[in-house]
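What follows is the content of coords_31.csv, which has CSV, C-alpha atoms and all ligand atoms:
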chain,number,residue,atom,x,y,z
Q,1,MET,CA,-22.4,7.0,1.6
Q,2,ARG,CA,-21.4,6.5,5.3
Q,3,VAL,CA,-18.0,5.0,6.0
Q,4,THR,CA,-16.2,3.8,9.1
Q,5,VAL,CA,-12.4,4.2,9.6
Q,6,LEU,CA,-10.9,1.8,12.2
Q,7,GLY,CA,-7.5,3.0,13.4
Q,8,ALA,CA,-8.3,6.7,12.8
Q,9,THR,CA,-5.5,7.8,15.2
Q,10,GLY,CA,-2.8,6.2,13.1
Q,11,TYR,CA,-1.0,7.7,10.1
Q,12,GLY,CA,-3.0,5.6,7.6
Q,13,GLY,CA,-6.3,6.2,9.4
Q,14,MET,CA,-5.7,10.0,9.7
Q,15,LEU,CA,-5.0,10.4,6.0
Q,16,LEU,CA,-8.0,8.2,5.2
Q,17,THR,CA,-10.4,10.4,7.3
Q,18,ARG,CA,-9.1,13.5,5.6
Q,19,LEU,CA,-9.4,12.1,2.1
Q,20,LEU,CA,-12.9,10.7,2.8
Q,21,ALA,CA,-14.2,13.9,4.3
Q,22,ARG,CA,-13.4,15.7,1.1
Q,23,HIS,CA,-14.7,12.9,-1.2
Q,24,PRO,CA,-17.7,14.0,-3.2
Q,25,GLU,CA,-19.6,10.7,-2.6
Q,26,VAL,CA,-19.0,10.4,1.1
Q,27,LYS,CA,-21.5,12.1,3.3
Q,28,ARG,CA,-20.5,10.9,6.8
Q,29,VAL,CA,-17.2,9.6,8.2
Q,30,ILE,CA,-17.1,7.6,11.5
Q,31,PRO,CA,-13.7,7.6,13.1
Q,32,ALA,CA,-12.9,4.7,15.4
Q,33,ALA,CA,-9.9,3.9,17.6
Q,34,ARG,CA,-9.2,2.0,20.8
Q,35,SER,CA,-7.2,4.4,22.8
Q,36,ALA,CA,-9.1,7.6,21.8
Q,37,ALA,CA,-12.6,6.1,22.1
Q,38,GLY,CA,-15.0,8.7,23.5
Q,39,GLU,CA,-12.7,11.6,22.8
Q,40,PRO,CA,-13.6,14.5,20.5
Q,41,PHE,CA,-12.2,13.8,17.1
Q,42,ALA,CA,-10.8,17.3,16.8
Q,43,GLN,CA,-8.5,16.4,19.8
Q,44,THR,CA,-7.2,13.2,18.1
Q,45,ASP,CA,-6.3,15.0,14.9
Q,46,PRO,CA,-5.7,18.6,15.7
Q,47,GLY,CA,-4.7,19.3,12.0
Q,48,PHE,CA,-8.1,18.4,10.7
Q,49,PRO,CA,-10.1,21.4,9.4
Q,50,ARG,CA,-12.3,22.8,12.2
Q,51,THR,CA,-14.9,24.3,9.9
Q,52,GLY,CA,-16.2,23.9,6.3
Q,53,PRO,CA,-17.6,21.0,4.4
Q,54,ALA,CA,-15.0,18.4,5.5
Q,55,ALA,CA,-15.5,19.2,9.1
Q,56,SER,CA,-19.3,18.9,8.8
Q,57,LYS,CA,-19.0,15.3,7.5
Q,58,MET,CA,-17.0,14.0,10.5
Q,59,ASP,CA,-18.6,12.5,13.5
Q,60,GLU,CA,-17.6,14.6,16.5
Q,61,ARG,CA,-16.6,11.8,18.8
Q,62,VAL,CA,-14.3,8.9,18.2
Q,63,ARG,CA,-16.0,5.6,18.7
Q,64,SER,CA,-14.5,2.3,20.0
Q,65,PRO,CA,-14.1,-0.3,17.2
Q,66,ASP,CA,-16.9,-2.4,18.7
Q,67,GLU,CA,-19.3,0.6,18.8
Q,68,ALA,CA,-18.4,1.7,15.3
Q,69,LEU,CA,-18.9,-1.8,13.9
Q,70,ALA,CA,-22.3,-2.1,15.5
Q,71,ASP,CA,-23.5,0.4,12.9
Q,72,PRO,CA,-20.7,0.7,10.3
Q,73,GLY,CA,-22.5,2.3,7.4
Q,74,ASP,CA,-21.8,1.3,3.8
Q,75,LEU,CA,-18.1,0.5,4.0
Q,76,VAL,CA,-15.4,-0.2,6.6
Q,77,PHE,CA,-11.7,0.8,6.2
Q,78,SER,CA,-9.4,-1.0,8.6
Q,79,ALA,CA,-6.1,0.8,9.2
Q,80,LEU,CA,-5.3,-1.5,12.1
Q,81,PRO,CA,-2.0,-3.4,12.6
Q,82,HIS,CA,-1.7,-6.9,11.0
Q,83,GLY,CA,-2.7,-9.6,13.4
Q,84,VAL,CA,-5.4,-7.3,14.9
Q,85,SER,CA,-7.3,-6.2,11.8
Q,86,ALA,CA,-8.9,-9.5,10.7
Q,87,GLU,CA,-10.0,-10.3,14.2
Q,88,VAL,CA,-11.6,-6.8,14.8
Q,89,CYS,CA,-13.3,-6.9,11.3
Q,90,LEU,CA,-14.6,-10.5,11.6
Q,91,PRO,CA,-18.1,-9.6,12.9
Q,92,VAL,CA,-18.9,-7.5,9.8
Q,93,LEU,CA,-17.0,-9.5,7.1
Q,94,GLY,CA,-19.6,-10.7,4.7
Q,95,SER,CA,-22.2,-8.1,5.6
Q,96,VAL,CA,-20.4,-4.9,4.8
Q,97,PRO,CA,-17.5,-4.4,2.3
Q,98,VAL,CA,-14.2,-4.1,4.0
Q,99,ILE,CA,-11.0,-2.5,2.7
Q,100,ASP,CA,-8.2,-3.7,4.9
Q,101,LEU,CA,-4.9,-1.8,4.9
Q,102,SER,CA,-3.1,-4.4,7.0
Q,103,ALA,CA,-1.4,-7.6,5.6
Q,104,ASP,CA,-4.0,-10.0,7.1
Q,105,PHE,CA,-5.7,-10.9,3.8
Q,106,ARG,CA,-2.9,-10.0,1.3
Q,107,LEU,CA,-1.3,-13.4,0.9
Q,108,ASP,CA,-2.8,-16.4,-0.9
Q,109,GLY,CA,-0.3,-19.1,0.2
Q,110,ALA,CA,-0.7,-20.4,3.8
Q,111,ASP,CA,3.0,-21.4,4.0
Q,112,ARG,CA,4.1,-18.0,2.8
Q,113,PHE,CA,1.9,-16.3,5.4
Q,114,ARG,CA,3.2,-18.5,8.2
Q,115,SER,CA,6.8,-17.9,7.3
Q,116,ALA,CA,6.4,-14.1,6.9
Q,117,TYR,CA,4.2,-13.4,9.9
Q,118,GLY,CA,5.1,-16.3,12.3
Q,119,ARG,CA,1.4,-17.3,12.7
Q,120,GLU,CA,-1.4,-19.0,10.8
Q,121,MET,CA,-3.6,-17.0,8.4
Q,122,PRO,CA,-6.3,-15.4,10.5
Q,123,VAL,CA,-9.3,-16.5,8.5
Q,124,PRO,CA,-8.3,-19.0,5.8
Q,125,ASP,CA,-11.8,-19.3,4.4
Q,126,LEU,CA,-11.9,-15.6,3.7
Q,127,GLN,CA,-8.4,-15.4,2.4
Q,128,SER,CA,-9.4,-17.0,-0.9
Q,129,LYS,CA,-12.3,-14.5,-1.3
Q,130,SER,CA,-10.2,-11.4,-0.7
Q,131,VAL,CA,-9.0,-9.4,-3.7
Q,132,TYR,CA,-5.5,-7.9,-3.7
Q,133,GLY,CA,-6.0,-4.2,-4.0
Q,134,LEU,CA,-3.3,-3.2,-6.5
Q,135,SER,CA,-5.8,-1.0,-8.3
Q,136,GLU,CA,-4.2,-0.9,-11.8
Q,137,TRP,CA,-3.9,-4.7,-11.9
Q,138,TYR,CA,-7.1,-6.1,-10.3
Q,139,ARG,CA,-9.8,-3.6,-11.3
Q,140,THR,CA,-12.2,-6.1,-12.7
Q,141,ARG,CA,-12.2,-8.2,-9.5
Q,142,LEU,CA,-12.1,-5.2,-7.2
Q,143,ALA,CA,-15.3,-3.9,-8.7
Q,144,SER,CA,-17.3,-6.7,-7.0
Q,145,ALA,CA,-15.0,-7.5,-4.1
Q,146,ASP,CA,-16.4,-7.5,-0.5
Q,147,LEU,CA,-13.0,-7.9,1.0
Q,148,ILE,CA,-10.1,-5.9,-0.4
Q,149,ALA,CA,-6.6,-6.5,0.8
Q,150,ASN,CA,-4.9,-3.1,0.2
Q,151,PRO,CA,-1.2,-3.8,-0.7
Q,152,GLY,CA,1.8,-2.8,1.4
Q,153,CYS,CA,3.7,0.4,0.5
Q,154,TYR,CA,6.9,-1.4,-0.5
Q,155,PRO,CA,5.0,-4.0,-2.6
Q,156,THR,CA,3.1,-1.2,-4.4
Q,157,CYS,CA,6.3,0.6,-5.2
Q,158,ALA,CA,8.1,-2.5,-6.4
Q,159,LEU,CA,5.2,-4.3,-8.2
Q,160,LEU,CA,3.9,-1.5,-10.3
Q,161,PRO,CA,7.2,-1.2,-12.3
Q,162,LEU,CA,8.0,-4.9,-12.1
Q,163,LEU,CA,4.7,-6.6,-13.2
Q,164,PRO,CA,4.7,-5.5,-16.9
Q,165,VAL,CA,8.4,-6.5,-17.1
Q,166,VAL,CA,8.1,-10.0,-15.7
Q,167,GLU,CA,5.0,-10.6,-17.8
Q,168,THR,CA,7.0,-9.7,-20.9
Q,169,THR,CA,10.4,-11.3,-20.3
Q,170,ALA,CA,11.9,-14.0,-18.1
Q,171,PRO,CA,14.5,-12.5,-15.7
Q,172,VAL,CA,17.9,-14.1,-15.7
Q,173,GLY,CA,19.0,-14.6,-12.1
Q,174,PRO,CA,17.3,-13.0,-9.1
Q,175,VAL,CA,15.4,-9.7,-9.4
Q,176,VAL,CA,17.0,-7.3,-6.9
Q,177,ILE,CA,14.8,-4.6,-5.3
Q,178,ASN,CA,16.6,-1.9,-3.3
Q,179,ALA,CA,14.0,0.4,-1.6
Q,180,LEU,CA,14.1,3.4,0.7
Q,181,SER,CA,11.3,4.3,3.1
Q,182,GLY,CA,10.4,7.4,5.1
Q,183,ILE,CA,9.8,7.0,8.8
Q,184,SER,CA,6.0,7.2,8.7
Q,185,GLY,CA,6.1,3.8,7.0
Q,186,ALA,CA,6.6,2.3,10.4
Q,187,GLY,CA,3.4,3.9,11.8
Q,188,ARG,CA,2.7,6.4,14.6
Q,189,LYS,CA,4.0,4.6,17.5
Q,190,ALA,CA,6.5,5.4,20.3
Q,191,LYS,CA,9.6,3.3,19.6
Q,192,ALA,CA,13.2,4.2,20.3
Q,193,LEU,CA,14.2,3.2,16.8
Q,194,LEU,CA,11.9,5.9,15.4
Q,195,LEU,CA,13.1,8.8,17.6
Q,196,TYR,CA,14.4,11.9,15.7
Q,197,ALA,CA,17.8,11.5,17.4
Q,198,GLU,CA,18.0,7.9,16.1
Q,199,ARG,CA,16.9,8.6,12.6
Q,200,THR,CA,18.2,12.0,11.6
Q,201,GLU,CA,21.5,12.1,9.6
Q,202,ASN,CA,21.2,8.3,9.6
Q,203,ALA,CA,20.3,5.6,7.0
Q,204,THR,CA,20.3,1.9,7.3
Q,205,ALA,CA,19.3,-1.3,5.5
Q,206,TYR,CA,17.2,-3.7,7.5
Q,207,ASN,CA,15.7,-7.2,7.0
Q,208,VAL,CA,17.5,-7.6,3.7
Q,209,GLY,CA,17.2,-10.5,1.1
Q,210,THR,CA,14.2,-12.5,2.0
Q,211,ALA,CA,13.9,-11.4,5.6
Q,212,HIS,CA,11.3,-8.6,5.4
Q,213,ARG,CA,7.7,-9.7,5.6
Q,214,HIS,CA,6.9,-7.7,2.4
Q,215,HIS,CA,9.2,-10.1,0.5
Q,216,ALA,CA,6.5,-12.7,0.7
Q,217,GLU,CA,3.9,-10.4,-0.8
Q,218,ILE,CA,6.1,-9.2,-3.6
Q,219,ALA,CA,7.3,-12.7,-4.5
Q,220,GLU,CA,3.8,-14.1,-4.5
Q,221,GLN,CA,2.5,-11.4,-6.9
Q,222,LEU,CA,5.5,-11.9,-9.1
Q,223,LEU,CA,4.9,-15.6,-9.3
Q,224,PHE,CA,1.2,-15.0,-10.1
Q,225,HIS,CA,2.4,-12.8,-13.0
Q,226,GLY,CA,4.8,-15.2,-14.6
Q,227,LEU,CA,8.1,-15.0,-12.6
Q,228,ALA,CA,9.5,-18.6,-12.4
Q,229,ASP,CA,10.2,-19.8,-8.9
Q,230,ALA,CA,13.7,-20.7,-8.0
Q,231,ASP,CA,14.3,-24.3,-9.0
Q,232,GLY,CA,17.5,-25.0,-7.1
Q,233,SER,CA,18.7,-27.2,-10.0
Q,234,ASP,CA,22.3,-26.4,-9.3
Q,235,GLY,CA,22.0,-27.7,-5.7
Q,236,HIS,CA,21.6,-24.3,-4.2
Q,237,LEU,CA,18.3,-22.5,-3.5
Q,238,HIS,CA,18.5,-19.0,-5.1
Q,239,PRO,CA,15.5,-16.8,-4.2
Q,240,SER,CA,14.0,-15.4,-7.4
Q,241,VAL,CA,13.6,-12.1,-5.6
Q,242,LEU,CA,15.9,-10.2,-3.2
Q,243,PHE,CA,14.3,-7.3,-1.4
Q,244,ASN,CA,16.6,-4.8,0.4
Q,245,PRO,CA,14.6,-2.2,2.4
Q,246,HIS,CA,16.3,0.9,3.9
Q,247,LEU,CA,15.1,3.4,6.4
Q,248,ILE,CA,16.0,7.0,5.6
Q,249,PRO,CA,15.6,10.3,7.4
Q,250,MET,CA,12.5,11.5,5.5
Q,251,LYS,CA,8.9,11.7,6.9
Q,252,GLN,CA,6.8,10.6,4.0
Q,253,GLY,CA,7.9,8.9,0.7
Q,254,MET,CA,9.4,5.8,-0.8
Q,255,ALA,CA,11.8,5.0,-3.6
Q,256,ALA,CA,12.7,1.7,-5.2
Q,257,THR,CA,15.5,0.9,-7.6
Q,258,ILE,CA,15.1,-2.5,-9.2
Q,259,VAL,CA,17.6,-4.5,-11.2
Q,260,VAL,CA,16.3,-7.1,-13.7
Q,261,HIS,CA,18.8,-9.0,-15.9
Q,262,THR,CA,17.2,-10.4,-19.1
Q,263,GLU,CA,18.4,-12.7,-21.8
Q,264,SER,CA,19.3,-10.0,-24.3
Q,265,ALA,CA,19.3,-6.2,-25.0
Q,266,ALA,CA,16.2,-6.8,-27.2
Q,267,ALA,CA,14.4,-8.5,-24.3
Q,268,ALA,CA,15.2,-5.5,-22.1
Q,269,GLU,CA,13.8,-3.1,-24.8
Q,270,ARG,CA,10.7,-5.2,-25.0
Q,271,ALA,CA,10.2,-4.9,-21.2
Q,272,ALA,CA,10.6,-1.1,-21.4
Q,273,ASP,CA,8.0,-1.0,-24.2
Q,274,ALA,CA,5.6,-3.1,-22.1
Q,275,LEU,CA,5.9,-0.6,-19.3
Q,276,ARG,CA,4.8,2.2,-21.6
Q,277,GLY,CA,2.0,0.1,-23.2
Q,278,ARG,CA,0.6,-0.9,-19.8
Q,279,TYR,CA,0.6,2.5,-18.1
Q,280,GLU,CA,0.1,5.0,-20.9
Q,281,MET,CA,-3.5,5.6,-19.9
Q,282,GLU,CA,-3.3,5.3,-16.1
Q,283,PRO,CA,-4.3,8.4,-14.2
Q,284,PHE,CA,-2.0,7.8,-11.3
Q,285,ILE,CA,1.1,6.5,-13.1
Q,286,GLU,CA,3.6,8.8,-14.7
Q,287,LEU,CA,6.5,7.4,-16.7
Q,288,THR,CA,9.7,9.5,-16.6
Q,289,GLY,CA,11.7,7.7,-19.3
Q,290,SER,CA,15.4,7.5,-18.4
Q,291,GLU,CA,15.0,10.4,-15.9
Q,292,PRO,CA,15.2,9.2,-12.3
Q,293,PRO,CA,11.9,10.1,-10.5
Q,294,GLU,CA,12.1,12.0,-7.2
Q,295,THR,CA,10.0,11.5,-4.0
Q,296,ARG,CA,9.5,15.3,-3.5
Q,297,HIS,CA,7.5,15.5,-6.8
Q,298,ILE,CA,4.9,13.0,-5.7
Q,299,ARG,CA,4.7,13.7,-1.9
Q,300,GLY,CA,1.1,14.4,-0.8
Q,301,THR,CA,-0.3,12.8,-4.0
Q,302,ASN,CA,-1.6,9.4,-5.2
Q,303,ARG,CA,0.8,9.4,-8.1
Q,304,VAL,CA,3.5,6.9,-8.8
Q,305,ARG,CA,6.4,7.9,-11.0
Q,306,ILE,CA,8.4,5.2,-12.8
Q,307,GLY,CA,11.7,5.6,-14.7
Q,308,ARG,CA,13.9,3.0,-16.4
Q,309,ARG,CA,17.4,2.7,-17.9
Q,310,ILE,CA,18.6,0.0,-20.1
Q,311,ASP,CA,22.2,-1.2,-19.8
Q,312,GLY,CA,22.8,-4.0,-22.3
Q,313,ALA,CA,20.5,-6.8,-21.3
Q,314,THR,CA,19.7,-5.3,-17.9
Q,315,ILE,CA,16.8,-3.1,-17.2
Q,316,ILE,CA,16.9,-0.9,-14.1
Q,317,LEU,CA,13.5,0.3,-12.9
Q,318,MET,CA,13.2,3.4,-10.6
Q,319,SER,CA,9.9,4.2,-8.8
Q,320,VAL,CA,8.7,6.6,-6.2
Q,321,LEU,CA,5.4,7.0,-4.3
Q,322,ASP,CA,4.1,8.5,-1.1
Q,323,ASN,CA,3.8,5.6,1.3
Q,324,LEU,CA,0.7,7.1,3.0
Q,325,TRP,CA,-1.1,7.9,-0.2
Q,326,LYS,CA,-0.6,5.3,-3.1
Q,327,GLY,CA,1.2,3.1,-0.5
Q,328,ALA,CA,-1.8,3.1,1.9
Q,329,ALA,CA,-4.8,5.5,2.2
Q,330,GLY,CA,-4.8,6.9,-1.3
Q,331,GLN,CA,-4.9,3.5,-2.9
Q,332,ALA,CA,-7.6,2.4,-0.4
Q,333,VAL,CA,-9.8,5.3,-1.6
Q,334,GLN,CA,-8.9,4.5,-5.2
Q,335,ASN,CA,-10.2,1.0,-4.5
Q,336,MET,CA,-13.3,2.3,-2.9
Q,337,ASN,CA,-13.9,4.3,-6.1
Q,338,ILE,CA,-13.5,1.2,-8.2
Q,339,ARG,CA,-15.7,-0.9,-5.9
Q,340,PHE,CA,-18.6,1.6,-5.8
Q,341,GLY,CA,-18.3,2.7,-9.5
Q,342,PHE,CA,-17.2,6.3,-8.7
Q,343,PRO,CA,-14.7,8.0,-11.0
Q,344,GLU,CA,-11.4,6.4,-10.1
Q,345,THR,CA,-9.7,9.7,-9.3
Q,346,ALA,CA,-12.6,11.1,-7.2
Q,347,GLY,CA,-11.4,12.6,-3.9
Q,348,LEU,CA,-7.8,12.0,-4.8
Q,349,SER,CA,-6.6,15.4,-6.1
Q,350,ASP,CA,-3.1,16.3,-5.0
Q,351,GLY,CA,-2.1,18.1,-1.9
Q,352,LEU,CA,-3.0,16.8,1.6
Q,353,GLU,CA,-0.2,16.4,4.1
Q,354,LEU,CA,-0.3,15.2,7.7
Q,401,LIG,N1,2.4,3.6,7.4
Q,401,LIG,C1,2.4,3.2,6.2
Q,401,LIG,O1,3.1,3.8,5.3
Q,401,LIG,C2,1.6,2.0,5.7
Q,401,LIG,C3,1.6,1.7,4.4
Q,401,LIG,C4,0.8,0.6,3.9
Q,401,LIG,C5,0.1,-0.1,4.8
Q,401,LIG,N2,0.2,0.2,6.2
Q,401,LIG,C6,-0.6,-0.7,7.1
Q,401,LIG,O2,-1.8,0.1,7.5
Q,401,LIG,C7,-2.1,-0.3,8.8
Q,401,LIG,C8,-2.0,1.0,9.7
Q,401,LIG,O3,-0.7,1.6,9.6
Q,401,LIG,P1,-0.3,2.9,10.3
Q,401,LIG,O4,1.0,3.3,9.8
Q,401,LIG,O5,-1.4,3.9,10.1
Q,401,LIG,O6,-0.2,2.4,11.8
Q,401,LIG,P2,-0.2,3.3,13.1
Q,401,LIG,O7,0.1,4.7,12.8
Q,401,LIG,O8,0.6,2.6,14.1
Q,401,LIG,O9,-1.7,3.2,13.6
Q,401,LIG,C9,-2.3,2.0,14.0
Q,401,LIG,C10,-3.8,2.3,14.4
Q,401,LIG,O10,-4.3,1.0,14.9
Q,401,LIG,C11,-4.7,1.2,16.3
Q,401,LIG,N3,-4.3,0.0,17.1
Q,401,LIG,C12,-3.1,-0.4,17.4
Q,401,LIG,N4,-3.1,-1.6,18.0
Q,401,LIG,C13,-4.4,-1.9,18.2
Q,401,LIG,C14,-5.1,-3.0,18.8
Q,401,LIG,N5,-4.4,-4.0,19.4
Q,401,LIG,N6,-6.4,-3.0,18.8
Q,401,LIG,C15,-7.1,-2.0,18.1
Q,401,LIG,N7,-6.5,-0.9,17.6
Q,401,LIG,C16,-5.2,-0.9,17.6
Q,401,LIG,C17,-4.0,2.4,16.8
Q,401,LIG,O11,-4.9,3.0,17.7
Q,401,LIG,P3,-4.8,3.1,19.2
Q,401,LIG,O12,-4.7,4.6,19.4
Q,401,LIG,O13,-6.0,2.5,19.7
Q,401,LIG,O14,-3.6,2.3,19.6
Q,401,LIG,C18,-3.9,3.3,15.5
Q,401,LIG,O15,-5.1,4.0,15.3
Q,401,LIG,C19,-1.0,-1.3,9.3
Q,401,LIG,O16,-1.6,-2.6,9.1
Q,401,LIG,C20,0.1,-1.1,8.3
Q,401,LIG,O17,0.9,-2.2,8.2
Q,401,LIG,C21,0.8,1.3,6.6

Could you rewrite the structure in this file as structure tokens?
Ligand SMILES: NC(=O)c1ccc[n+]([C@@H]2O[C@H](COP(=O)([O-])OP(=O)(O)OC[C@H]3O[C@@H](n4cnc5c(N)ncnc54)[C@H](OP(=O)(O)O)[C@@H]3O)[C@@H](O)[C@H]2O)c1
Amino acid sequence: MRVTVLGATGYGGMLLTRLLARHPEVKRVIPAARSAAGEPFAQTDPGFPRTGPAASKMDERVRSPDEALADPGDLVFSALPHGVSAEVCLPVLGSVPVIDLSADFRLDGADRFRSAYGREMPVPDLQSKSVYGLSEWYRTRLASADLIANPGCYPTCALLPLLPVVETTAPVGPVVINALSGISGAGRKAKALLLYAERTENATAYNVGTAHRHHAEIAEQLLFHGLADADGSDGHLHPSVLFNPHLIPMKQGMAATIVVHTESAAAAERAADALRGRYEMEPFIELTGSEPPETRHIRGTNRVRIGRRIDGATIILMSVLDNLWKGAAGQAVQNMNIRFGFPETAGLSDGLEL
């Protein structure tokens, strides 16, 4: 098949082109980007192999998004920023399958989208047709989807451990998600906040509680899977989920520690059993028992590691993934595999780093 990658100069797009060029079912990769349009591809990603089978699958020149979408091939990946992606993809939506790495089609609720992104949903009619691309949970719908909304990295890291738990037991009080992200999670842009001198030897929480835009995505999926919304019956509105992201001095990788209080020790045990039952057969999910998983063990892979500890009626979930792989490009290729009926692990063996 022939595939187009929009945003091929960004971190997500760069990893996508590398994964796709070594994918056994992909014969041609068309890189597209605004700023590098017309340039030799080798110049925009100097680390890409210069010779060999992967190099021979790449178009030599980067196209502009318009030029690429005039002849997009069999599938379009969009690794563009939210707010831009839907608009750029609009001309081909409905005629070619699109896997969108941005947040433009991830949310179902218009109010939730407005409050998270400060604007209206870009294409409300298509919103209801998009399928949320959390591969392990939406396989059946992904297999026939023409618009796949690839999840955010934080939501993937939080939802994979949490969904079996909230489906099994009702949390008591808010679920608290503390998460750490490497700097590449913010994209490949020039921003003072992302300078080495600002970030090295430095860690900080940001947009805590309900303030981060991924809060909406996590909360919506948890509601779909059985978490009761806050009722405010005591006169105060208590969010059912609190999400506390942190930026840490690491290039690639993400870790989440999630605290869920349940009604009893037995309920917490049931939740841990559900985790095992749900993921035992999953090729990209590894359960570490009570052992805390480490980001260095999954870097450059599509694998997610999940650990858990039970303290009385509380279950503490610990998960790690590579934000550019399972958190973005890797999961997007996994979704392509599901959509086109390829083996789900095709093209996703460990070991590519930017
Ligand atoms: N980084 C992660 O860990 C991660 C994880 C999950 C999801 N995502 C999502 O994936 C998408 C890509 O993320 P990223 O980290 O790869 O971002 P990035 O490194 O900042 O790259 C963004 C890409 O979009 C292009 N672009 C920027 N503004 C544009 C515009 N106005 N019109 C057309 N093209 C434009 C850039 O190309 P130019 O050279 O033309 O500017 C670049 O190729 C985002 O929506 C992000 O939220 C990222």

Skipping near chain neighbours, those fewer than 6 positions away, what residues fall within 6 Å of region 32-44 of chain Q using all atoms listed in the file, listed as a PyMOL selection string? chain Q and resi 5-8+60-65

Keeping only C-alpha atoms, write the selected residues as a short mmCIF file (atom, residue, chain, number, x, y, z; two decimals), in the coordinates of the input.
data_model
loop_
_atom_site.label_atom_id
_atom_site.label_comp_id
_atom_site.auth_asym_id
_atom_site.auth_seq_id
_atom_site.Cartn_x
_atom_site.Cartn_y
_atom_site.Cartn_z
CA VAL Q 5 -12.40 4.20 9.60
CA LEU Q 6 -10.90 1.80 12.20
CA GLY Q 7 -7.50 3.00 13.40
CA ALA Q 8 -8.30 6.70 12.80
CA GLU Q 60 -17.60 14.60 16.50
CA ARG Q 61 -16.60 11.80 18.80
CA VAL Q 62 -14.30 8.90 18.20
CA ARG Q 63 -16.00 5.60 18.70
CA SER Q 64 -14.50 2.30 20.00
CA PRO Q 65 -14.10 -0.30 17.20
#

Counting all atoms listed in the file, which of Q:Pro343, Q:Pro124, Q:Pro245, Q:Gly330 gets nearest to ligand LIG 401 (chain Q)? Q:Gly330

Which polymer residues have any atom within 12 Å of an atom of Asp273 (chain Q), counting only C-alpha atoms, with same-chain residues fewer than 3 positions away left out, as a list in words?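 With the cut-off at 12 Å, the set is Pro161, Pro164, Val165, Glu167, Thr168, Thr169, Ala266, Ala267, Ala268, Glu269, Arg270, Arg276, Gly277, Arg278, Tyr279, Glu280, Leu287, Gly289, Arg308, Arg309, Ile310 and Ile315 of chain Q.
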
Please, which residues have at least one atom within 7 Å of an atom of ligand LIG 401 (chain Q), using only C-alpha atoms and all ligand atoms, listed as a PyMOL selection string? chain Q and resi 6-13+33-36+79-82+84+101-103+151-153+184-189+323-324+327-328

Leaving out Thr140 (chain Q) and any residue of its chain fewer than 3 positions from it, which residues lie within 12 Å of it when counting only C-alpha atoms, given as a list of chain:residue names? Q:Val131, Q:Tyr132, Q:Gly133, Q:Leu134, Q:Ser135, Q:Glu136, Q:Trp137, Q:Ala143, Q:Ser144, Q:Ala145, Q:Asn335, Q:Ile338, Q:Arg339, Q:Gly341

With all atoms listed in the file as the basis for distance, which of Q:Ser85, Q:Ser181, Q:Ser115, Q:Thr314 is at the shortest distance from Thr295 (chain Q)?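 Of Q:Ser85, Q:Ser181, Q:Ser115, Q:Thr314, the one nearest Thr295 (chain Q) is Q:Ser181, counting all atoms listed in the file.
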
Just checking: using all atoms listed in the file, which residue out of Q:Ser319, Q:Gln334, Q:Thr156, Q:Thr210 ends up closest to Ser240 (chain Q)? Q:Thr210

Within 12 Å of (13.3, 11.1, -16.6) (coordinates as in the file), grab all the protein and nucleic acid residues, counting only C-alpha atoms, and write them out as a ChimeraX atom specification. /Q:286-294,305-309,317-319

Given all atoms listed in the file as the counted atoms, nearest of Q:Asp104, Q:Glu201, Q:Asp146, Q:Glu220 to Leu75 (chain Q):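 Closest candidate: Q:Asp146.
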
Between Q:Ala158, Q:Val333, Q:Ile248, Q:Ala216, which residue has the minimum interatomic distance to Tyr196 (chain Q), considering all atoms listed in the file? Q:Ile248

Quick one: everything within 6 Å of Phe77 (chain Q), counting only C-alpha atoms, minus sequence neighbours fewer than 3 positions away in the same chain. Send it as a ChimeraX atom specification. /Q:5,98-100

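Remark: for Ala70 (chain Q), the closest of the candidate residues Q:Leu142, Q:Tyr206, Q:Lys129, Q:Cys89 is Q:Cys89 (distances computed over only C-alpha atoms).
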
So what do you get for CA of Met58 (chain Q) versus CA of Met1 (chain Q), distance-wise? 12.5 Å

Straight-line distance linking CA of Arg114 (chain Q) with CA of Gly173 (chain Q), stated in Å to one decimal: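 These two atoms are separated by 26.0 Å.
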
Any chance you could model N, CA, C and O atoms for region 267-271 of chain Q and send them as an mmCIF file, keeping the file's coordinate frame?
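Saved the output as part32.cif:
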data_model
loop_
_atom_site.group_PDB
_atom_site.id
_atom_site.type_symbol
_atom_site.label_atom_id
_atom_site.label_comp_id
_atom_site.auth_asym_id
_atom_site.auth_seq_id
_atom_site.Cartn_x
_atom_site.Cartn_y
_atom_site.Cartn_z
ATOM 1 N N ALA Q 267 15.380 -8.117 -25.317
ATOM 2 C CA ALA Q 267 14.400 -8.500 -24.300
ATOM 3 C C ALA Q 267 14.201 -7.298 -23.315
ATOM 4 O O ALA Q 267 13.085 -6.990 -22.886
ATOM 5 N N ALA Q 268 15.301 -6.633 -22.967
ATOM 6 C CA ALA Q 268 15.200 -5.500 -22.100
ATOM 7 C C ALA Q 268 14.418 -4.360 -22.728
ATOM 8 O O ALA Q 268 13.598 -3.695 -22.083
ATOM 9 N N GLU Q 269 14.616 -4.158 -24.020
ATOM 10 C CA GLU Q 269 13.800 -3.100 -24.800
ATOM 11 C C GLU Q 269 12.363 -3.495 -24.777
ATOM 12 O O GLU Q 269 11.497 -2.629 -24.605
ATOM 13 N N ARG Q 270 12.071 -4.783 -24.974
ATOM 14 C CA ARG Q 270 10.700 -5.200 -25.000
ATOM 15 C C ARG Q 270 10.005 -4.931 -23.632
ATOM 16 O O ARG Q 270 8.855 -4.508 -23.553
ATOM 17 N N ALA Q 271 10.767 -5.154 -22.561
ATOM 18 C CA ALA Q 271 10.200 -4.900 -21.200
ATOM 19 C C ALA Q 271 9.921 -3.423 -21.030
ATOM 20 O O ALA Q 271 8.879 -3.063 -20.469
#
